[in-house]
$ cat query-v2.cif   # mmCIF, C-alpha atoms
data_query
loop_
_atom_site.group_PDB
_atom_site.id
_atom_site.type_symbol
_atom_site.label_atom_id
_atom_site.label_comp_id
_atom_site.auth_asym_id
_atom_site.auth_seq_id
_atom_site.Cartn_x
_atom_site.Cartn_y
_atom_site.Cartn_z
ATOM 1 C CA MET A 1 -27.667 -20.936 -13.431
ATOM 2 C CA SER A 2 -27.401 -17.119 -13.530
ATOM 3 C CA ILE A 3 -25.156 -15.438 -16.072
ATOM 4 C CA LEU A 4 -22.970 -14.074 -13.276
ATOM 5 C CA LYS A 5 -22.389 -17.565 -11.895
ATOM 6 C CA LYS A 6 -21.628 -18.870 -15.384
ATOM 7 C CA ILE A 7 -19.064 -16.104 -15.841
ATOM 8 C CA LYS A 8 -17.589 -16.806 -12.409
ATOM 9 C CA ASN A 9 -17.220 -20.513 -13.256
ATOM 10 C CA LYS A 10 -15.745 -19.705 -16.641
ATOM 11 C CA ILE A 11 -13.234 -17.268 -15.164
ATOM 12 C CA LEU A 12 -12.355 -19.127 -11.998
ATOM 13 C CA GLY A 13 -12.709 -22.546 -13.541
ATOM 14 C CA SER A 14 -14.776 -25.430 -12.298
ATOM 15 C CA PRO A 15 -13.274 -27.825 -9.745
ATOM 16 C CA SER A 16 -12.400 -30.233 -12.560
ATOM 17 C CA SER A 17 -10.807 -27.524 -14.693
ATOM 18 C CA HIS A 18 -7.063 -27.878 -15.360
ATOM 19 C CA LYS A 19 -6.607 -24.282 -16.479
ATOM 20 C CA SER A 20 -5.080 -21.777 -14.134
ATOM 21 C CA PRO A 21 -7.794 -19.364 -12.983
ATOM 22 C CA VAL A 22 -7.841 -15.673 -13.904
ATOM 23 C CA ASN A 23 -8.528 -13.388 -10.974
ATOM 24 C CA PRO A 24 -11.573 -11.190 -11.584
ATOM 25 C CA PRO A 25 -12.089 -7.998 -9.559
ATOM 26 C CA GLU A 26 -11.892 -8.728 -5.833
ATOM 27 C CA SER A 27 -15.509 -8.073 -4.972
ATOM 28 C CA PHE A 28 -16.954 -10.144 -7.820
ATOM 29 C CA ASP A 29 -18.391 -12.799 -5.513
ATOM 30 C CA ASN A 30 -19.847 -10.229 -3.124
ATOM 31 C CA ILE A 31 -21.511 -8.271 -5.895
ATOM 32 C CA ALA A 32 -22.862 -11.386 -7.579
ATOM 33 C CA GLU A 33 -24.257 -12.610 -4.269
ATOM 34 C CA LYS A 34 -25.826 -9.266 -3.372
ATOM 35 C CA THR A 35 -27.383 -8.731 -6.790
ATOM 36 C CA LYS A 36 -28.489 -12.254 -7.685
ATOM 37 C CA ASP A 37 -32.071 -11.623 -6.503
ATOM 38 C CA LEU A 38 -32.225 -8.000 -7.611
ATOM 39 C CA ARG A 39 -32.635 -8.701 -11.307
ATOM 40 C CA LEU A 40 -35.515 -6.916 -12.947
ATOM 41 C CA ASP A 41 -37.718 -8.632 -15.446
ATOM 42 C CA MET A 42 -38.042 -7.115 -18.897
ATOM 43 C CA ASP A 43 -41.486 -5.641 -18.163
ATOM 44 C CA ARG A 44 -40.060 -3.593 -15.301
ATOM 45 C CA ILE A 45 -37.117 -2.483 -17.431
ATOM 46 C CA HIS A 46 -39.443 -1.348 -20.236
ATOM 47 C CA THR A 47 -41.675 0.457 -17.722
ATOM 48 C CA THR A 48 -38.643 2.313 -16.394
ATOM 49 C CA GLU A 49 -37.553 3.137 -19.950
ATOM 50 C CA LYS A 50 -40.938 4.790 -20.550
ATOM 51 C CA LYS A 51 -40.560 6.856 -17.366
ATOM 52 C CA PHE A 52 -37.091 8.037 -18.400
ATOM 53 C CA PRO A 53 -37.163 8.174 -22.225
ATOM 54 C CA HIS A 54 -33.854 10.024 -22.584
ATOM 55 C CA ARG A 55 -31.849 7.831 -20.205
ATOM 56 C CA TRP A 56 -29.922 5.298 -22.233
ATOM 57 C CA LEU A 57 -29.217 3.183 -19.178
ATOM 58 C CA TYR A 58 -32.738 1.837 -19.754
ATOM 59 C CA LYS A 59 -32.868 1.891 -23.583
ATOM 60 C CA LYS A 60 -32.457 -1.058 -25.911
ATOM 61 C CA VAL A 61 -31.948 -3.576 -23.103
ATOM 62 C CA LYS A 62 -31.976 -7.093 -24.559
ATOM 63 C CA ASN A 63 -32.215 -9.083 -21.321
ATOM 64 C CA PRO A 64 -32.015 -8.644 -17.525
ATOM 65 C CA ASP A 65 -28.425 -9.930 -17.370
ATOM 66 C CA GLU A 66 -27.259 -7.190 -19.724
ATOM 67 C CA PHE A 67 -29.061 -4.683 -17.509
ATOM 68 C CA SER A 68 -27.135 -6.004 -14.492
ATOM 69 C CA PHE A 69 -23.842 -5.472 -16.331
ATOM 70 C CA ARG A 70 -24.888 -1.914 -17.193
ATOM 71 C CA HIS A 71 -25.517 -1.127 -13.532
ATOM 72 C CA LEU A 72 -22.293 -2.744 -12.375
ATOM 73 C CA ALA A 73 -20.264 -0.867 -14.995
ATOM 74 C CA LEU A 74 -21.896 2.451 -14.105
ATOM 75 C CA GLY A 75 -21.398 1.922 -10.372
ATOM 76 C CA TYR A 76 -17.731 1.078 -10.746
ATOM 77 C CA SER A 77 -17.161 3.988 -13.119
ATOM 78 C CA ASN A 78 -18.810 6.437 -10.734
ATOM 79 C CA SER A 79 -16.663 5.143 -7.872
ATOM 80 C CA GLY A 80 -13.479 5.557 -9.941
ATOM 81 C CA GLU A 81 -12.807 1.824 -10.200
ATOM 82 C CA TYR A 82 -12.214 1.911 -13.944
ATOM 83 C CA ASP A 83 -10.619 -1.532 -14.257
ATOM 84 C CA LYS A 84 -13.732 -3.137 -12.776
ATOM 85 C CA CYS A 85 -15.969 -0.982 -14.950
ATOM 86 C CA LEU A 86 -14.128 -2.169 -18.063
ATOM 87 C CA PHE A 87 -14.342 -5.764 -16.843
ATOM 88 C CA TYR A 88 -18.149 -5.600 -16.617
ATOM 89 C CA CYS A 89 -18.430 -3.716 -19.910
ATOM 90 C CA GLU A 90 -16.466 -6.431 -21.676
ATOM 91 C CA GLU A 91 -18.416 -9.243 -20.005
ATOM 92 C CA GLY A 92 -21.712 -7.568 -20.891
ATOM 93 C CA LEU A 93 -20.597 -6.977 -24.470
ATOM 94 C CA LYS A 94 -19.879 -10.694 -24.803
ATOM 95 C CA LEU A 95 -23.545 -11.229 -23.977
ATOM 96 C CA THR A 96 -24.887 -8.324 -26.084
ATOM 97 C CA PRO A 97 -22.151 -7.076 -28.463
ATOM 98 C CA LYS A 98 -24.136 -4.123 -29.823
ATOM 99 C CA SER A 99 -25.330 -2.766 -26.474
ATOM 100 C CA PRO A 100 -25.165 1.013 -26.942
ATOM 101 C CA TYR A 101 -24.912 1.674 -23.210
ATOM 102 C CA LEU A 102 -22.103 -0.792 -22.549
ATOM 103 C CA ARG A 103 -20.215 0.522 -25.601
ATOM 104 C CA TYR A 104 -20.751 4.051 -24.224
ATOM 105 C CA MET A 105 -19.519 3.072 -20.751
ATOM 106 C CA ARG A 106 -16.422 1.432 -22.238
ATOM 107 C CA ALA A 107 -15.629 4.542 -24.331
ATOM 108 C CA ARG A 108 -16.297 6.872 -21.391
ATOM 109 C CA THR A 109 -14.025 4.837 -19.141
ATOM 110 C CA LEU A 110 -11.207 4.703 -21.693
ATOM 111 C CA GLY A 111 -11.424 8.494 -21.916
ATOM 112 C CA ASP A 112 -11.369 8.788 -18.137
ATOM 113 C CA LEU A 113 -8.188 6.706 -18.206
ATOM 114 C CA GLY A 114 -6.614 9.268 -20.567
ATOM 115 C CA ASN A 115 -7.113 7.595 -23.930
ATOM 116 C CA LEU A 116 -8.935 10.618 -25.374
ATOM 117 C CA ASP A 117 -8.465 9.845 -29.067
ATOM 118 C CA LEU A 118 -9.837 6.323 -28.766
ATOM 119 C CA ALA A 119 -12.721 7.495 -26.563
ATOM 120 C CA ILE A 120 -13.638 10.227 -29.059
ATOM 121 C CA LYS A 121 -13.543 7.714 -31.924
ATOM 122 C CA LEU A 122 -15.642 5.110 -30.088
ATOM 123 C CA LEU A 123 -18.189 7.718 -28.974
ATOM 124 C CA GLY A 124 -18.381 8.921 -32.586
ATOM 125 C CA ASN A 125 -19.250 5.377 -33.666
ATOM 126 C CA ILE A 126 -21.962 5.157 -31.013
ATOM 127 C CA ILE A 127 -23.393 8.531 -32.057
ATOM 128 C CA LYS A 128 -23.393 7.388 -35.685
ATOM 129 C CA ASP A 129 -25.393 4.290 -34.709
ATOM 130 C CA HIS A 130 -27.613 6.105 -32.170
ATOM 131 C CA PRO A 131 -27.845 9.828 -33.073
ATOM 132 C CA LEU A 132 -30.226 10.609 -30.197
ATOM 133 C CA PHE A 133 -27.869 9.376 -27.452
ATOM 134 C CA ALA A 134 -27.458 12.728 -25.656
ATOM 135 C CA GLU A 135 -25.059 11.425 -22.992
ATOM 136 C CA ALA A 136 -22.685 10.198 -25.716
ATOM 137 C CA TYR A 137 -22.538 13.742 -27.127
ATOM 138 C CA VAL A 138 -21.806 15.122 -23.654
ATOM 139 C CA GLU A 139 -18.960 12.682 -23.059
ATOM 140 C CA ARG A 140 -17.469 13.200 -26.505
ATOM 141 C CA GLY A 141 -17.746 16.962 -25.954
ATOM 142 C CA TYR A 142 -15.941 16.632 -22.645
ATOM 143 C CA PHE A 143 -13.099 14.622 -24.182
ATOM 144 C CA LEU A 144 -12.914 16.987 -27.164
ATOM 145 C CA GLU A 145 -12.687 19.905 -24.745
ATOM 146 C CA ASN A 146 -9.861 18.166 -22.865
ATOM 147 C CA ALA A 147 -8.125 17.545 -26.188
ATOM 148 C CA GLY A 148 -8.289 21.299 -26.929
ATOM 149 C CA LYS A 149 -10.950 21.012 -29.653
ATOM 150 C CA MET A 150 -13.247 23.672 -28.227
ATOM 151 C CA LYS A 151 -15.509 24.325 -31.242
ATOM 152 C CA SER A 152 -16.252 20.641 -31.675
ATOM 153 C CA ALA A 153 -16.858 20.288 -27.929
ATOM 154 C CA LEU A 154 -19.318 23.163 -27.911
ATOM 155 C CA LYS A 155 -21.122 21.660 -30.927
ATOM 156 C CA ASP A 156 -21.529 18.347 -29.063
ATOM 157 C CA TYR A 157 -22.755 20.067 -25.901
ATOM 158 C CA ARG A 158 -25.325 22.002 -27.935
ATOM 159 C CA ARG A 159 -26.523 18.865 -29.703
ATOM 160 C CA ALA A 160 -26.887 17.045 -26.377
ATOM 161 C CA GLN A 161 -29.013 19.901 -25.029
ATOM 162 C CA GLU A 162 -31.166 19.890 -28.182
ATOM 163 C CA ILE A 163 -31.856 16.182 -27.749
ATOM 164 C CA ASP A 164 -32.435 16.293 -23.999
ATOM 165 C CA SER A 165 -32.649 19.605 -22.163
ATOM 166 C CA THR A 166 -32.252 17.775 -18.831
ATOM 167 C CA VAL A 167 -28.906 16.201 -19.726
ATOM 168 C CA ILE A 168 -26.173 17.167 -17.278
ATOM 169 C CA LEU A 169 -23.211 18.965 -18.783
ATOM 170 C CA PRO A 170 -19.774 18.792 -17.151
ATOM 171 C CA GLU A 171 -18.665 21.543 -14.819
ATOM 172 C CA SER A 172 -16.348 23.139 -17.343
ATOM 173 C CA VAL A 173 -16.006 26.668 -18.690
ATOM 174 C CA MET A 174 -17.382 25.645 -22.103
ATOM 175 C CA ALA A 175 -20.382 23.878 -20.659
ATOM 176 C CA ALA A 176 -21.093 26.747 -18.259
ATOM 177 C CA GLU A 177 -20.966 29.248 -21.126
ATOM 178 C CA LEU A 178 -23.366 27.121 -23.154
ATOM 179 C CA GLN A 179 -25.790 26.757 -20.256
ATOM 180 C CA LYS A 180 -25.784 30.543 -19.761
ATOM 181 C CA LYS A 181 -26.363 31.128 -23.480
ATOM 182 C CA LEU A 182 -29.206 28.615 -23.576
ATOM 183 C CA ALA A 183 -30.819 30.278 -20.573
ATOM 184 C CA ASP A 184 -30.398 33.726 -22.181
ATOM 185 C CA ASP A 185 -31.874 32.433 -25.449
ATOM 186 C CA TYR A 186 -34.820 30.991 -23.535
ATOM 187 C CA TRP A 187 -35.613 34.337 -21.894
ATOM 188 C CA ILE A 188 -35.187 36.228 -25.190
ATOM 189 C CA GLU A 189 -37.629 33.852 -26.916
ATOM 190 C CA ARG A 190 -40.049 34.095 -24.017
ATOM 191 C CA GLU A 191 -39.963 37.904 -24.205
ATOM 192 C CA LYS A 192 -40.607 37.805 -27.987
ATOM 193 C CA HIS A 193 -43.625 35.559 -27.485
ATOM 194 C CA SER A 194 -44.889 37.765 -24.687
ATOM 195 C CA LYS A 195 -44.675 40.887 -26.914
ATOM 196 C CA GLN A 196 -46.425 39.070 -29.770
ATOM 197 C CA ASN A 197 -49.247 37.988 -27.477
ATOM 198 C CA ARG A 198 -49.768 41.606 -26.285
ATOM 199 C CA LYS A 199 -50.412 42.846 -29.836
#
$ encode --input "query-v2.cif" --output "structure tokens"
Amino acid sequence: MSILKKIKNKILGSPSSHKSPVNPPESFDNIAEKTKDLRLDMDRIHTTEKKFPHRWLYKKVKNPDEFSFRHLALGYSNSGEYDKCLFYCEEGLKLTPKSPYLRYMRARTLGDLGNLDLAIKLLGNIIKDHPLFAEAYVERGYFLENAGKMKSALKDYRRAQEIDSTVILPESVMAAELQKKLADDYWIEREKHSKQNRK
């Protein structure tokens, strides 16, 4: 029996269950049905991780079911359905409590819901455990910026760029200024090297 079906039975109760069922997100059955055959095996997940070494969606995956929860949480977060995102984060964390990506998605979603202080704290814990998690620095920077802590936000954005130059920064004034400075620094360094090579 797949993990999603086990969760469905646990939440909705089996026919012989006397407990009153808890209603999961509406489309739970549809998603479970559509994704039941789409699970990747661990070899494919590890191959994808090698292709995208800085993308934590693919890092430290313990099993294919956890990977499914990561995708569901990300999809719901990106569509603005934060309650469903949190649902899948929590279900996935029951399966793999230390999953850095599910912990990140939960913190990111709590911040998106306006709980900036908690999101900043949780992202700090993730960064402490996984100091090369560039996306966690970006999100913490974004929430710090929204909390008015500009210097700390800029520090996180810089650190994210140092770890992964392809990481996407938010479309904010701080992030735009940093991207311009990094581009300027790149061209200054390139000019220095060019002058040195001419000598």
$ resolve_selection --input "query-v2.cif" --expression "the PyMOL selection byres ((chain A and resi 57-65) around 7)" --output "list in words"
Ile3, Arg39, Leu40, Asp41, Met42, Ile45, Thr48, Glu49, Arg55, Trp56, Glu66, Phe67, Ser68, Phe69, Arg70 and Tyr101 of chain A
$ resolve_selection --input "query-v2.cif" --expression "the PyMOL selection byres ((chain A and resi 81) around 12)" --output "list in words"
Pro25, Glu26, Ser27, Leu72, Ala73, Leu74, Gly75, Tyr76, Ser77, Asn78, Ser79, Gly80, Tyr82, Asp83, Lys84, Cys85, Leu86, Phe87, Tyr88, Thr109, Leu110, Asp112 and Leu113 of chain A
$ closest_residue --input "query-v2.cif" --among "A:Arg103, A:Lys50, A:Lys94, A:His71" --to "A:Ile127" --atoms "only C-alpha atoms"
A:Arg103
$ resolve_selection --input "query-v2.cif" --expression "the PyMOL selection byres ((chain A and resi 163) around 9)" --output "PDB file with C-alpha atoms, in the frame of the given file"
ATOM      1  CA  HIS A  54     -33.854  10.024 -22.584  1.00  0.00           C
ATOM      2  CA  LEU A 132     -30.226  10.609 -30.197  1.00  0.00           C
ATOM      3  CA  PHE A 133     -27.869   9.376 -27.452  1.00  0.00           C
ATOM      4  CA  ALA A 134     -27.458  12.728 -25.656  1.00  0.00           C
ATOM      5  CA  ARG A 158     -25.325  22.002 -27.935  1.00  0.00           C
ATOM      6  CA  ARG A 159     -26.523  18.865 -29.703  1.00  0.00           C
ATOM      7  CA  ALA A 160     -26.887  17.045 -26.377  1.00  0.00           C
ATOM      8  CA  GLN A 161     -29.013  19.901 -25.029  1.00  0.00           C
ATOM      9  CA  GLU A 162     -31.166  19.890 -28.182  1.00  0.00           C
ATOM     10  CA  ASP A 164     -32.435  16.293 -23.999  1.00  0.00           C
ATOM     11  CA  SER A 165     -32.649  19.605 -22.163  1.00  0.00           C
ATOM     12  CA  VAL A 167     -28.906  16.201 -19.726  1.00  0.00           C
TER      13      VAL A 167
END
$ atom_distance --input "query-v2.cif" --atom1 "atom CA of A:Asn146" --atom2 "atom CA of A:Leu93"
27.4 Å
$ atom_distance --input "query-v2.cif" --atom1 "atom CA of A:Ser99" --atom2 "atom CA of A:Leu116"
21.2 Å
